[in-house]
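Below: one structure, written as structure tokens.
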Amino acid sequence: MKTIPKQPQLPPWAKTLLAGLAAAAGLTLLTGLGLLDRLDRAAADALYQSPSAREGEIVLVGIDQRAIDALGPYSGWGRGVMAEVIEALNQSQECRPAVIALDVLYAGESDPAQDAALAAAAGRYGNVIAASAGQFGAGLEQQAGGEYALQDFSLLGYEQPYAALAAAAGEGHINAMLDTDGILRHHLLQFTLPNGREVPSMALAAARLYRQSRGEAAPALPPVSAHGFWYLPFSGRPGDFGENISVADILSGQRGPEYFAGKIVLIGPYAAGLQDSYLTAADHSRPMYGVEYQANAVQALLWGEYKTEAGNGAQLAALFVLLLAAFYGFWRRRAALATGLWALLAGGWLVLCRLAYARGLVLRPLWLPAGVTVLYVGCIAANYVRSALEKRAVTNTFKRYVAPEIVSELLKEGPAALELGGWLTRIAVLFVDVRGFTSMSEQLSPGQVVEILNRYLTLIANCILQNGGTLDKFVGDAAMAFWGAPLQQEDYVMRAVQAASDMIKGSEALSQELMARYGRTVSFGVGVHLGEAVVGNIGSPQRMDYTAIGDTVNTAARLEANAPGGTVYISRAVADALAGRIRATSLGGSVPLKGKAGGFEVLTLDAIL
């Protein structure tokens, strides 16, 4: 017969490494595919964006409900209204604002007189910035070699102020581009027109003009993405930028020009009906008006404390390494230790993210906590299942040999209880044999023989297990058991002697039943000895026995071999251990035991007192 070669088995450490690599790689891949992006962005907004103290150089003037109530519906306002606002703000040479930025797009011609008035007011003082806007989307762009390629972010159109206003005032675009989850987090710094002209954002144009009015250098530019966006650290939430000043307050004179002296004045819609509001990273529940968004961008540009978003590639690589390390930390660890490590990794990462943000680096706050949480739950579940399987293996191994309470104690040892090996310990060993069974079996049918044998062996097993013994083995019609191992037992010698006494008493009742049914009877011969023996799993990894070996075992077997039916032979060691608790009759050295020198004392167990 051809022998099939055994397949090589991976060592445990290699299996653990492969499992860790697979888990870390799978979670990293899912993260890289964007599974957590929406939740991660929300977590980043909550962790990073917080209001901060402002210096008061930015003032918002709203086209609000009070102005609409005073001047009528906004759609009916002529451009002359804004010309009047500009004139009112600039009425004093000493009190002029450094910047007046109009967050309203005045594209195309309207009433010639009002168009001329607004252009004249904007050009008269040199501090006005008018709004423009670009339209972006997927489109064809000409490459350096003359070919055209489809780009996912291309300038499709451009709206600028009407010609007279464009010539008189500065210009800044007011584009507000939402992320894919509908939240405004970034700011388009500037874009390039087909003729090569750079169009800065209104915030950048305002910051430059403000610095210029103070004789200072232009603000340093923030780091931008390939499409020109930069991460905006909001300094204020909706409603945080200054007082609620209305266009109506300027026109009525309730707010004098001295309040705006040297400041950046942003004028724009500040009413819900004008549809110029967005949910931002600063607050997901309350919309922020566009003019407030511009104010946040201006403030960030003036402060120059920019943030750089770490690349996804580097963060995914770090995530993989940390998840692999976390797997090793969770695998086969106690729940308390794994929980502590999970809290340290998840909480520590959030602290690190906050510290990195303070130093200008934006990290993904949720990637690692989410990954280690999945690993933690998975490893805890796997550890529980593995522990249950190990306990079942231990239970299945020992429940056939020992009392249930001993099985419960062995479960605490786990797989170690199933390993090959043994230890030297002091135990009480019992051997029992059915006397007269061989001759009886020759007179009965096989079925009857098996029935009687099973009855006797069941009695033997019950007597052993009920007294907390370990049933080592059955050998034909004989059995071996021991006490004091695998766990230390209180009064284990008495337990062994009690089991022997119970066997004798139980066999008497069984013998009467068999005599009535078959006309034949049998009895037990029992031997009990006390001493040191080697106890443990003995054999090979393919086939092992939990047993005891040594001279103590052999002596107990010799005592049983010489004991007449219905008699328990014990050694002097047993009698001395139970002195005063049993009654025994010494036979001296009159019973020769094979392998023992003369003078080995044998006693019969007469009664348990």
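Going by the structure tokens order, chains are called A, B, ..., each with residues numbered from 1, while ligands are numbered from 1 in the order shown.
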
Per-residue DSSP, stretch 227-415 of chain A, filtered to helix (DSSP H, G or I), as a VMD selection string: chain A and resid 247 to 252 257 to 260 272 to 274 290 to 303 312 to 330 335 to 358 367 to 398 404 to 411 414 to 415

Contacts of A:Thr555 within 12 Å, only C-alpha atoms, excl. fewer than 2 positions in-chain, as a ChimeraX atom specification: /A:428-431,527-533,549-553,557-562,569-573,592-597,600-602

Residue neighbourhood A:Ala281, 8 Å, only C-alpha atoms, exclusion window fewer than 6 positions, as a ChimeraX atom specification: /A:42,45-46,49,183-185,234

Let's have the selection written as a JSON list (two decimals), in the first residue's frame, with N, CA and C atoms.
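Okay, selection-v7.json is ready:
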```json
[["chain", "number", "residue", "atom", "x", "y", "z"],
["A", 42, "ALA", "N", -15.99, 63.60, 9.26],
["A", 42, "ALA", "CA", -16.79, 64.14, 10.35],
["A", 42, "ALA", "C", -16.00, 64.12, 11.66],
["A", 45, "ASP", "N", -13.43, 66.93, 11.58],
["A", 45, "ASP", "CA", -14.04, 68.23, 11.84],
["A", 45, "ASP", "C", -14.27, 68.44, 13.33],
["A", 46, "ALA", "N", -14.78, 67.40, 14.00],
["A", 46, "ALA", "CA", -15.05, 67.52, 15.43],
["A", 46, "ALA", "C", -13.76, 67.66, 16.24],
["A", 49, "GLN", "N", -11.53, 71.32, 14.24],
["A", 49, "GLN", "CA", -12.10, 72.66, 14.05],
["A", 49, "GLN", "C", -12.71, 73.17, 15.36],
["A", 183, "ILE", "N", -19.90, 69.01, 2.69],
["A", 183, "ILE", "CA", -19.35, 69.89, 3.73],
["A", 183, "ILE", "C", -18.25, 70.76, 3.12],
["A", 184, "LEU", "N", -18.22, 72.02, 3.52],
["A", 184, "LEU", "CA", -17.21, 72.96, 3.03],
["A", 184, "LEU", "C", -16.01, 72.94, 3.97],
["A", 185, "ARG", "N", -14.87, 72.42, 3.47],
["A", 185, "ARG", "CA", -13.66, 72.30, 4.30],
["A", 185, "ARG", "C", -12.45, 73.00, 3.67],
["A", 234, "PHE", "N", -10.94, 76.77, 10.30],
["A", 234, "PHE", "CA", -11.96, 77.78, 10.65],
["A", 234, "PHE", "C", -11.65, 78.35, 12.03]]
```

Shell around A:Ile264 at 7 Å using only C-alpha atoms, local window under 2 positions removed, as a PyMOL selection string: chain A and resi 57-59+97-100+210+266

Generate a file of the selected residues that holds N, CA, C and O atoms, formatted as a compact mmCIF listing (two decimals), in the first residue's frame.
```txt
# COMPACT_ATOMS: atom_id res chain seq x y z
N GLU A 57 -10.02 92.67 13.11
CA GLU A 57 -9.73 93.46 11.92
C GLU A 57 -10.70 93.17 10.78
O GLU A 57 -10.67 93.83 9.74
N ILE A 58 -11.58 92.17 10.96
CA ILE A 58 -12.55 91.80 9.93
C ILE A 58 -13.95 92.15 10.43
O ILE A 58 -14.34 91.77 11.55
N VAL A 59 -14.71 92.88 9.61
CA VAL A 59 -16.07 93.29 9.97
C VAL A 59 -17.01 92.79 8.87
O VAL A 59 -16.74 92.97 7.67
N PRO A 97 -12.03 102.23 5.45
CA PRO A 97 -11.61 100.84 5.65
C PRO A 97 -10.40 100.53 4.79
O PRO A 97 -10.19 101.14 3.73
N ALA A 98 -9.60 99.61 5.23
CA ALA A 98 -8.47 99.17 4.41
C ALA A 98 -8.96 98.40 3.20
O ALA A 98 -8.39 98.51 2.10
N VAL A 99 -10.03 97.63 3.37
CA VAL A 99 -10.57 96.79 2.29
C VAL A 99 -12.08 96.79 2.40
O VAL A 99 -12.65 96.69 3.50
N ILE A 100 -12.74 96.91 1.25
CA ILE A 100 -14.18 96.66 1.16
C ILE A 100 -14.36 95.57 0.11
O ILE A 100 -14.12 95.81 -1.09
N TYR A 210 -5.04 94.35 2.40
CA TYR A 210 -4.96 94.76 3.80
C TYR A 210 -3.50 94.91 4.22
O TYR A 210 -3.12 95.92 4.84
N LEU A 266 -16.32 93.05 4.84
CA LEU A 266 -16.87 92.08 3.90
C LEU A 266 -18.38 92.29 3.85
O LEU A 266 -19.06 92.20 4.88
```

Interatomic distance (Å, one decimal) between atom CA of A:Ala205 and atom CA of A:Ala131: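 Computing the Euclidean distance for atom CA of A:Ala205 and atom CA of A:Ala131 yields 10.3 Å.
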
Backbone DSSP call of strand (DSSP E) for stretch 419-552 of chain A, listed as a short mmCIF file (atom, residue, chain, number, x, y, z; two decimals) with C-alpha atoms, in the first residue's frame:
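Written out: result_11.cif:
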```
data_model
loop_
_atom_site.label_atom_id
_atom_site.label_comp_id
_atom_site.auth_asym_id
_atom_site.auth_seq_id
_atom_site.Cartn_x
_atom_site.Cartn_y
_atom_site.Cartn_z
CA GLY A 421 4.82 15.00 30.00
CA GLY A 422 4.42 14.06 33.63
CA TRP A 423 5.46 14.88 37.16
CA LEU A 424 6.32 12.96 40.31
CA THR A 425 3.67 13.12 42.98
CA ARG A 426 2.26 11.11 45.88
CA ILE A 427 -0.94 9.26 44.99
CA ALA A 428 -3.16 6.42 46.19
CA VAL A 429 -3.56 3.72 43.52
CA LEU A 430 -6.43 1.20 43.30
CA PHE A 431 -6.64 -1.94 41.19
CA VAL A 432 -9.80 -4.05 40.99
CA ASP A 433 -10.50 -7.29 39.17
CA VAL A 434 -13.63 -9.40 38.72
CA ARG A 435 -12.99 -12.84 40.27
CA THR A 470 -9.23 9.37 38.16
CA LEU A 471 -10.27 6.30 36.18
CA ASP A 472 -7.06 5.38 34.45
CA LYS A 473 -8.08 2.44 32.29
CA PHE A 474 -10.07 -0.77 31.88
CA VAL A 475 -8.08 -3.89 31.02
CA ALA A 478 -9.98 -5.23 35.57
CA ALA A 479 -9.62 -1.48 36.17
CA MET A 480 -7.04 0.98 37.54
CA ALA A 481 -7.70 4.27 39.27
CA PHE A 482 -5.76 6.77 41.38
CA TRP A 483 -6.33 9.71 43.73
CA SER A 523 -16.91 -10.95 43.18
CA PHE A 524 -14.21 -8.28 43.31
CA GLY A 525 -10.62 -8.47 44.44
CA VAL A 526 -9.21 -5.01 45.25
CA GLY A 527 -5.74 -3.69 46.07
CA VAL A 528 -4.85 -0.19 47.34
CA HIS A 529 -1.37 1.23 47.83
CA LEU A 530 0.06 4.69 48.64
CA GLY A 531 3.32 6.18 47.38
CA GLU A 532 5.07 8.28 44.75
CA ALA A 533 4.43 7.81 41.03
CA VAL A 534 4.89 9.67 37.76
CA VAL A 535 1.52 11.04 36.54
CA GLY A 536 0.81 12.70 33.21
CA ASN A 537 0.18 12.30 29.50
CA ILE A 538 2.39 9.45 28.41
CA GLY A 539 2.70 8.14 24.85
CA MET A 544 -1.36 9.15 24.49
CA ASP A 545 -2.79 8.00 27.82
CA TYR A 546 -3.29 10.01 30.96
CA THR A 547 -1.88 7.52 33.44
CA ALA A 548 0.41 6.85 36.39
CA ILE A 549 3.54 4.69 36.30
#
```

Top pick for closest residue to A:Gly78, considering A:Ser252, A:Ser201, A:Val61, A:Asp111 and counting only C-alpha atoms: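 For A:Gly78, the nearest of the candidates is A:Asp111.
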
Excluding stretch 341-346 of chain A and residues on its chain fewer than 6 positions from it, collect all residues at most 9 Å away from it, counting only C-alpha atoms, and give them as a PDB file with N, CA and C atoms, in the first residue's frame.
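Output file part.pdb follows:
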```pdb
ATOM      1  N   LEU A 322       0.853  49.624  11.980  1.00  0.00           N
ATOM      2  CA  LEU A 322       0.257  49.716  13.312  1.00  0.00           C
ATOM      3  C   LEU A 322      -0.817  48.655  13.530  1.00  0.00           C
ATOM      4  N   ALA A 326      -0.880  45.834  16.323  1.00  0.00           N
ATOM      5  CA  ALA A 326      -2.051  45.692  17.188  1.00  0.00           C
ATOM      6  C   ALA A 326      -2.557  44.256  17.189  1.00  0.00           C
ATOM      7  N   GLY A 329      -0.657  42.363  19.496  1.00  0.00           N
ATOM      8  CA  GLY A 329      -0.986  42.738  20.859  1.00  0.00           C
ATOM      9  C   GLY A 329      -2.283  42.132  21.350  1.00  0.00           C
ATOM     10  N   PHE A 330      -3.255  41.919  20.431  1.00  0.00           N
ATOM     11  CA  PHE A 330      -4.560  41.386  20.828  1.00  0.00           C
ATOM     12  C   PHE A 330      -4.612  39.863  20.801  1.00  0.00           C
ATOM     13  N   LEU A 366      -9.678  58.850  12.286  1.00  0.00           N
ATOM     14  CA  LEU A 366     -10.513  57.674  12.541  1.00  0.00           C
ATOM     15  C   LEU A 366      -9.942  56.378  11.977  1.00  0.00           C
ATOM     16  N   LEU A 368      -7.033  54.673  12.254  1.00  0.00           N
ATOM     17  CA  LEU A 368      -6.430  53.724  13.190  1.00  0.00           C
ATOM     18  C   LEU A 368      -7.406  53.294  14.285  1.00  0.00           C
ATOM     19  N   PRO A 369      -8.117  54.201  14.957  1.00  0.00           N
ATOM     20  CA  PRO A 369      -9.073  53.739  15.973  1.00  0.00           C
ATOM     21  C   PRO A 369     -10.104  52.750  15.431  1.00  0.00           C
ATOM     22  N   ALA A 370     -10.608  53.010  14.223  1.00  0.00           N
ATOM     23  CA  ALA A 370     -11.591  52.081  13.652  1.00  0.00           C
ATOM     24  C   ALA A 370     -10.939  50.736  13.354  1.00  0.00           C
ATOM     25  N   VAL A 372      -8.180  49.327  14.727  1.00  0.00           N
ATOM     26  CA  VAL A 372      -7.818  48.561  15.929  1.00  0.00           C
ATOM     27  C   VAL A 372      -9.066  48.093  16.674  1.00  0.00           C
ATOM     28  N   THR A 373     -10.170  48.835  16.540  1.00  0.00           N
ATOM     29  CA  THR A 373     -11.412  48.388  17.170  1.00  0.00           C
ATOM     30  C   THR A 373     -11.921  47.111  16.507  1.00  0.00           C
ATOM     31  N   TYR A 376      -9.609  44.404  17.605  1.00  0.00           N
ATOM     32  CA  TYR A 376      -9.849  44.092  19.016  1.00  0.00           C
ATOM     33  C   TYR A 376     -11.073  43.190  19.166  1.00  0.00           C
TER      34      TYR A 376
END
```

Spatial neighbours of A:Ser277, max dist 8 Å, only C-alpha atoms, sep filter under 2 positions, as JSON, numbers by chain: {"A": [272, 275, 279, 287, 288, 289, 290]}

Just N, CA, C and O atoms for this one: save the residues we selected as a PDB file, in the first residue's frame.
```pdb
ATOM      1  N   ALA A 272     -31.409  83.929   5.025  1.00  0.00           N
ATOM      2  CA  ALA A 272     -31.609  82.578   4.530  1.00  0.00           C
ATOM      3  C   ALA A 272     -32.190  82.559   3.120  1.00  0.00           C
ATOM      4  O   ALA A 272     -31.840  81.719   2.290  1.00  0.00           O
ATOM      5  N   GLN A 275     -29.952  82.375  -0.278  1.00  0.00           N
ATOM      6  CA  GLN A 275     -29.338  81.120  -0.718  1.00  0.00           C
ATOM      7  C   GLN A 275     -27.830  81.229  -0.906  1.00  0.00           C
ATOM      8  O   GLN A 275     -27.287  80.858  -1.951  1.00  0.00           O
ATOM      9  N   LEU A 279     -23.061  74.202   4.867  1.00  0.00           N
ATOM     10  CA  LEU A 279     -22.604  73.477   6.050  1.00  0.00           C
ATOM     11  C   LEU A 279     -21.092  73.360   5.948  1.00  0.00           C
ATOM     12  O   LEU A 279     -20.553  72.983   4.903  1.00  0.00           O
ATOM     13  N   PRO A 287     -25.925  76.253   9.045  1.00  0.00           N
ATOM     14  CA  PRO A 287     -25.274  76.763   7.840  1.00  0.00           C
ATOM     15  C   PRO A 287     -24.484  78.038   8.141  1.00  0.00           C
ATOM     16  O   PRO A 287     -24.838  78.825   9.011  1.00  0.00           O
ATOM     17  N   MET A 288     -23.415  78.203   7.388  1.00  0.00           N
ATOM     18  CA  MET A 288     -22.580  79.404   7.483  1.00  0.00           C
ATOM     19  C   MET A 288     -22.766  80.220   6.199  1.00  0.00           C
ATOM     20  O   MET A 288     -22.714  79.663   5.100  1.00  0.00           O
ATOM     21  N   TYR A 289     -23.009  81.512   6.353  1.00  0.00           N
ATOM     22  CA  TYR A 289     -23.168  82.378   5.180  1.00  0.00           C
ATOM     23  C   TYR A 289     -21.832  82.508   4.442  1.00  0.00           C
ATOM     24  O   TYR A 289     -20.751  82.433   5.058  1.00  0.00           O
ATOM     25  N   GLY A 290     -21.941  82.731   3.146  1.00  0.00           N
ATOM     26  CA  GLY A 290     -20.740  82.825   2.334  1.00  0.00           C
ATOM     27  C   GLY A 290     -19.788  83.902   2.807  1.00  0.00           C
ATOM     28  O   GLY A 290     -18.569  83.743   2.765  1.00  0.00           O
TER      29      GLY A 290
END
```

Polymer residues at most 12 Å from A:Gln448, only C-alpha atoms, same-chain spacing of 6 or more positions, as an NGL selection string: :A and (437 or 440-442 or 454-455 or 514 or 517-518 or 520)

How would the residues just picked look written out with all heavy atoms as a CSV table (one decimal), in the first residue's frame?
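Contents of out33.csv, freshly written:
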```csv
chain,number,residue,atom,x,y,z
A,437,PHE,N,-14.8,-14.4,36.6
A,437,PHE,CA,-15.5,-13.9,35.4
A,437,PHE,C,-15.1,-14.8,34.2
A,437,PHE,O,-16.0,-15.1,33.4
A,437,PHE,CB,-15.2,-12.5,35.1
A,437,PHE,CG,-15.9,-11.9,33.9
A,437,PHE,CD1,-17.2,-11.6,34.0
A,437,PHE,CD2,-15.2,-11.8,32.7
A,437,PHE,CE1,-17.9,-11.1,32.9
A,437,PHE,CE2,-15.9,-11.3,31.6
A,437,PHE,CZ,-17.2,-11.0,31.7
A,440,MET,N,-17.1,-18.1,34.3
A,440,MET,CA,-18.5,-17.8,34.0
A,440,MET,C,-18.7,-17.5,32.5
A,440,MET,O,-19.7,-17.9,32.0
A,440,MET,CB,-19.0,-16.6,34.9
A,440,MET,CG,-20.5,-16.3,34.7
A,440,MET,SD,-21.0,-14.9,35.7
A,440,MET,CE,-20.2,-13.6,34.8
A,441,SER,N,-17.8,-16.8,31.9
A,441,SER,CA,-18.0,-16.4,30.5
A,441,SER,C,-18.0,-17.6,29.6
A,441,SER,O,-18.6,-17.5,28.5
A,441,SER,CB,-16.9,-15.4,30.1
A,441,SER,OG,-15.6,-16.0,30.1
A,442,GLU,N,-17.4,-18.7,30.0
A,442,GLU,CA,-17.4,-19.9,29.2
A,442,GLU,C,-18.7,-20.6,29.2
A,442,GLU,O,-19.0,-21.4,28.3
A,442,GLU,CB,-16.3,-20.9,29.7
A,442,GLU,CG,-14.9,-20.3,29.6
A,442,GLU,CD,-13.8,-21.2,30.3
A,442,GLU,OE1,-14.3,-22.2,30.9
A,442,GLU,OE2,-12.6,-20.9,30.1
A,454,ASN,N,-20.4,-5.3,31.5
A,454,ASN,CA,-20.8,-3.8,31.5
A,454,ASN,C,-21.4,-3.4,32.8
A,454,ASN,O,-21.2,-2.3,33.3
A,454,ASN,CB,-21.7,-3.5,30.3
A,454,ASN,CG,-21.0,-3.5,29.0
A,454,ASN,OD1,-19.8,-3.4,28.9
A,454,ASN,ND2,-21.8,-3.6,27.9
A,455,ARG,N,-22.2,-4.3,33.4
A,455,ARG,CA,-22.8,-4.0,34.7
A,455,ARG,C,-21.7,-3.8,35.8
A,455,ARG,O,-21.7,-2.9,36.6
A,455,ARG,CB,-23.7,-5.1,35.1
A,455,ARG,CG,-25.0,-5.3,34.3
A,455,ARG,CD,-26.0,-4.1,34.5
A,455,ARG,NE,-26.4,-4.1,35.9
A,455,ARG,CZ,-27.4,-4.9,36.4
A,455,ARG,NH1,-28.0,-5.8,35.6
A,455,ARG,NH2,-27.8,-4.7,37.6
A,514,LEU,N,-27.4,-11.5,39.8
A,514,LEU,CA,-26.9,-12.4,38.7
A,514,LEU,C,-27.2,-13.8,39.1
A,514,LEU,O,-27.4,-14.7,38.2
A,514,LEU,CB,-25.4,-12.1,38.5
A,514,LEU,CG,-25.0,-10.7,38.0
A,514,LEU,CD1,-23.5,-10.6,37.9
A,514,LEU,CD2,-25.6,-10.5,36.6
A,517,ARG,N,-30.7,-14.6,38.1
A,517,ARG,CA,-30.9,-14.6,36.6
A,517,ARG,C,-30.2,-15.7,35.9
A,517,ARG,O,-30.7,-16.3,35.0
A,517,ARG,CB,-30.5,-13.2,36.0
A,517,ARG,CG,-31.5,-12.1,36.5
A,517,ARG,CD,-31.0,-10.8,35.8
A,517,ARG,NE,-31.1,-10.9,34.4
A,517,ARG,CZ,-30.7,-9.9,33.6
A,517,ARG,NH1,-30.2,-8.8,34.1
A,517,ARG,NH2,-30.8,-10.0,32.2
A,518,TYR,N,-28.9,-15.9,36.3
A,518,TYR,CA,-28.0,-16.8,35.5
A,518,TYR,C,-27.6,-18.0,36.3
A,518,TYR,O,-26.9,-18.9,35.8
A,518,TYR,CB,-26.8,-16.1,35.0
A,518,TYR,CG,-27.2,-14.9,34.1
A,518,TYR,CD1,-27.0,-13.6,34.6
A,518,TYR,CD2,-27.8,-15.1,32.9
A,518,TYR,CE1,-27.3,-12.5,33.8
A,518,TYR,CE2,-28.1,-14.0,32.1
A,518,TYR,CZ,-27.9,-12.7,32.5
A,518,TYR,OH,-28.2,-11.6,31.8
A,520,ARG,N,-25.2,-17.9,38.4
A,520,ARG,CA,-23.8,-17.8,38.6
A,520,ARG,C,-23.5,-16.4,39.2
A,520,ARG,O,-24.3,-15.4,39.0
A,520,ARG,CB,-23.0,-17.9,37.3
A,520,ARG,CG,-22.9,-19.4,36.9
A,520,ARG,CD,-22.3,-19.5,35.5
A,520,ARG,NE,-22.1,-20.8,35.1
A,520,ARG,CZ,-23.0,-21.8,34.9
A,520,ARG,NH1,-24.3,-21.5,35.0
A,520,ARG,NH2,-22.7,-23.0,34.5
```

Using only C-alpha atoms: which of A:Trp303, A:Leu18, A:Arg332, A:Val351 has the shortest distance to A:Arg386: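 Checking each candidate against A:Arg386, we get A:Arg332 as the closest.
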
Which of A:Asn195, A:Thr280, A:Gln294, A:Asn90 sits closest to A:Pro257 [using only C-alpha atoms]: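 Checking each of A:Asn195, A:Thr280, A:Gln294, A:Asn90 against A:Pro257, counting only C-alpha atoms, the winner is A:Asn90.
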
Point-to-point distance from atom CA of A:Glu243 to atom CA of A:Leu302, Å rounded to tenths: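 These two atoms are separated by 20.4 Å.
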
Point-to-point distance from atom CA of A:Ala271 to atom CA of A:Val247, Å rounded to tenths: 12.0 Å

Selected residue, from A:Tyr456, A:Tyr148, A:Trp13, A:Tyr492, that lies nearest to A:Val522 when counting only C-alpha atoms: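 Selected residue with least distance to A:Val522: A:Tyr456.
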
Nearest to A:Arg333, chosen from A:Glu147, A:Ala19, A:Ser387, A:Leu587, with only C-alpha atoms counted in the distances: A:Ser387
